[in-house]
Structures are given as structure tokens and as C-alpha cells.
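Visitor: Input: one structure, supplied below.
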Amino acid sequence: MQFVVSFSFNSQSGSSFCGKRFTSDRIPHGTEIMVENSPSPLPERAIYGFVLFLGSQFGFFLYCMWAFIPEEWLHSIGLTYWPQKYWALAVPIYLLVALVISLVLLFGVNMNNTAPLDSVDNITDVYAQAQRTQDCHKGGIPRLKDVSISEVNNMFYLSPKL
Amino acid sequence: MEDEAYTDINGKAISLDCQSHSSLCREFTVSVPKVSIGKVMVNTCIVWLVAYGVFLLTENTAVLSSAIFITLVGMMLHIHFVKVDHESLLVIGSLGIQLSSSYASGRETTTFIEMSKIKDIVINEAIYMQQIIYYLCVLLKDPSEPNAVSSVVPLFQSSKPRLNCLVKVYKSCQEIISKC
């Protein structure tokens, strides 16, 4: 039996200490602090989320401003070294086309890597051939091993159906 | 001697014929339905109508003659190299097995595998295109290493029957192969 040890990670910002604490005498660790691994809401996660939200809204506003305001006005403010407005259209289009192509490419690469019907990889592989055939410790749980395909076929198709 | 309604992996009807020549020798033949004249006519008409349309646009008579030539050559190559009429598996105990495919033009290809090279005949499942299919295959072994599978020869590749047909062939084959 293994007890779950979960402590919440006490961050530098001094957020509230949440999480349950169980003691366990089975885990021989030097330290007993573990990060809480549950997907529940935490104050740190709320802060990260809000920062990301503000950042993305600001980035979008900046992008729209750069794309719509004419060049002369930007020059008159003093912002002269910004990229060409061509990229305001080109970058999103490049990204979308790359996304679609990568989807098609993913299917293609997968189909290319699938072993053909006449390859030995459909039957066995290096690890299954190298497994030891003798079983040790009679009376215990047998070692986990790969059953050969001839045996599997015998069981499926030759044994009488119940 | 028996003929039941089996289908291939796509649902098209095929037929299986099992013959027992003796207690040690059996032959299984999977036949695919022949090229239907209706499909040939429809495809030819479509190709020629498209070629005629291109001719009307470009006013180039070479389009028409090349369409006729391509259709004829394409059909000849198809029935000679691609369209399989029937595939057969002949198992002779303690001698070997013979696989043969006969094409629609009458061409036949045969392969003989001797019994010392055969480890087993099994039904395996593998990924084929976007689906997983059952297929019957011969496992070959190296005489120097009798426990390892050296290569795999899939059977009935052009007709690709479904599991009920394969199980029938498998049971029959195992009666002969397990004896020797």
C-alpha cells in the first residue's frame, strides 16, 4: 500500500497554503515537499492566466494599430523602423497555410512510416525475439512476455468456441 | 467443392473454392469478379467526351487521337498487369506450398516455397492505408535459425478476403502443416 504524499509548493509570492498533507513512512526521500499535481484552480494559475490575457490583448491591439495607421503618421510620431505593412497580411496567411500543410504532411508521414504487409515488423521485433524463454520462480506470477503469433492464432481460430 | 458468398475488405463479392486432392494436398482458389463491360463502356465514354471537349476548346486533332491511343494502351496494360482474375494456394504436405495469381489477360505468375523454409501460415492483423485488415501470410524461417521469422509472404493480396474466408483457409492449412 502506498500513501499519496501531496504538499502544495509554497511560492515566493507567499500565496495561501492550500492542499492536503499526509505523512507517509514508506517513501525514503530526503525532502517531503512535492508539487500538487491536480488541475484545480490555484492563485498562481489565475495570475498567469490574467497576465497572458492582458499580454495577448495588448499584442493584438498593437498589431491592429501597426496594420491600420498610415506610414506617414507612424513616421511623424518617430516610429520609423517598423516592418513593412506587407507582413501584416503575409504572416497570418503564411501561418494558416503552414497549418493546413502540416496536417496533410502529418497524415502522409504516418502512412509512409507504416510497415507494409510483407514486413517482419508486423509479426515480431527485436525485443520480442530477445526475451528469455525460461520462466523462473514456479508458483509466482509468470513473467510478462510476448505470445508468439502461432499460439495466438491457435487460440483464436482452432480452439472450439464455447 | 464448396462455394459460399464471401466478400473482400471493401465489400465486393468474391468466391472461394476449396479442393481436397488427397489427405495431404489441398488447393484454395479465390476468384474476383471479372471486369464488367458496363464499367468499361462508361469509363471510355467519359474519357472520350472529355477529350472531345478539350478538342472543341483547342481545335487540335492530336487530342482526339492521343485520347484513343491512351485509352487502348491503358486498358491493355490494366488487364495484363493489374487486374487479377483468381489467386490460388496449393498446399502439399511435407513438400511445400505454391502460390499463383492469374491475370485477366491469361498471364500467370507462380511461386513455390518449400516446406523446410516455412515456419507457419497465420492470420495476422496489420494497418493497411487507413484501416486495419486481417490477412493470411506465410512466415518463412532461415534453416540455420529455426526459431526466428526471417520474412513474411502475404497471401491473396489482390483479392484481400475478409476474416470468415481466411479462417476457413487457415483451418484447412493447419491440418496439413501441423502434421508434418
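Ordering of the C-alpha cells sets the chain letters (A, B, ...), residue numbers begin anew at 1 in every chain, and ligands are numbered from 1 in the order given.
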Within 12 Å of Ser65 of chain B, counting only C-alpha atoms, which residues qualify if same-chain residues fewer than 6 places away don't, as a list in words?
Guide: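 Here the answer would be Trp48, Ala51, Tyr52, Phe55, Thr71 and Leu72 of chain B.
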Visitor: Keeping N, CA, C and O atoms, export the residues of the selection given above as a PDB file, in the first residue's frame.
Guide:
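That gives us result_34.pdb:
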ATOM      1  N   TRP B  48     -13.551   9.866 -73.497  1.00  0.00           N
ATOM      2  CA  TRP B  48     -13.638  10.399 -74.858  1.00  0.00           C
ATOM      3  C   TRP B  48     -14.442  11.679 -74.916  1.00  0.00           C
ATOM      4  O   TRP B  48     -14.148  12.576 -75.722  1.00  0.00           O
ATOM      5  N   ALA B  51     -12.101  14.319 -73.821  1.00  0.00           N
ATOM      6  CA  ALA B  51     -11.143  14.626 -74.890  1.00  0.00           C
ATOM      7  C   ALA B  51     -11.807  15.456 -75.980  1.00  0.00           C
ATOM      8  O   ALA B  51     -11.201  16.381 -76.542  1.00  0.00           O
ATOM      9  N   TYR B  52     -13.089  15.129 -76.285  1.00  0.00           N
ATOM     10  CA  TYR B  52     -13.793  15.905 -77.307  1.00  0.00           C
ATOM     11  C   TYR B  52     -13.986  17.345 -76.845  1.00  0.00           C
ATOM     12  O   TYR B  52     -13.874  18.283 -77.631  1.00  0.00           O
ATOM     13  N   PHE B  55     -10.867  19.089 -77.323  1.00  0.00           N
ATOM     14  CA  PHE B  55     -10.667  19.345 -78.758  1.00  0.00           C
ATOM     15  C   PHE B  55     -11.465  20.563 -79.205  1.00  0.00           C
ATOM     16  O   PHE B  55     -11.009  21.378 -79.997  1.00  0.00           O
ATOM     17  N   THR B  71      -6.372   5.438 -74.174  1.00  0.00           N
ATOM     18  CA  THR B  71      -7.384   4.545 -73.617  1.00  0.00           C
ATOM     19  C   THR B  71      -7.081   3.098 -73.954  1.00  0.00           C
ATOM     20  O   THR B  71      -7.127   2.221 -73.079  1.00  0.00           O
ATOM     21  N   LEU B  72      -6.741   2.856 -75.224  1.00  0.00           N
ATOM     22  CA  LEU B  72      -6.462   1.474 -75.606  1.00  0.00           C
ATOM     23  C   LEU B  72      -5.266   0.904 -74.871  1.00  0.00           C
ATOM     24  O   LEU B  72      -5.316  -0.196 -74.297  1.00  0.00           O
TER      25      LEU B  72
END
Visitor: Please return, as a PyMOL selection string, all residues of chain B lying within 7 Å of chain A when only C-alpha atoms are considered.
Guide: chain B and resi 122-123+126+129+151-154+167+171
Visitor: What's the 9 Å shell around Gln131 of chain A, counting only C-alpha atoms, without same-chain residues fewer than 4 positions away, as a ChimeraX atom specification?
Guide: /A:126-127,145-146
Visitor: Between atom CA of Ile133 of chain B and atom CA of Cys18 of chain B, what is the spacing in Å?
Guide: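 Rounded to one decimal, the two atoms are 22.4 Å apart.
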Visitor: Based on the backbone DSSP call, show me all residues of segment 29-156 of chain A assigned helix (DSSP H, G or I), as an MDAnalysis selection string.
Guide: chainID A and resid 43:68 71:77 86:113 120:122 126:129 149:156
Visitor: Excluding segment 83-96 of chain B and its own-chain neighbours fewer than 2 positions away, which residues fall within 9 Å of it when counting only C-alpha atoms? Please give them as an NGL selection string.
Guide: :B and (23-35 or 78-81 or 98-106 or 112-118 or 155-159 or 173 or 176-177 or 179-180)
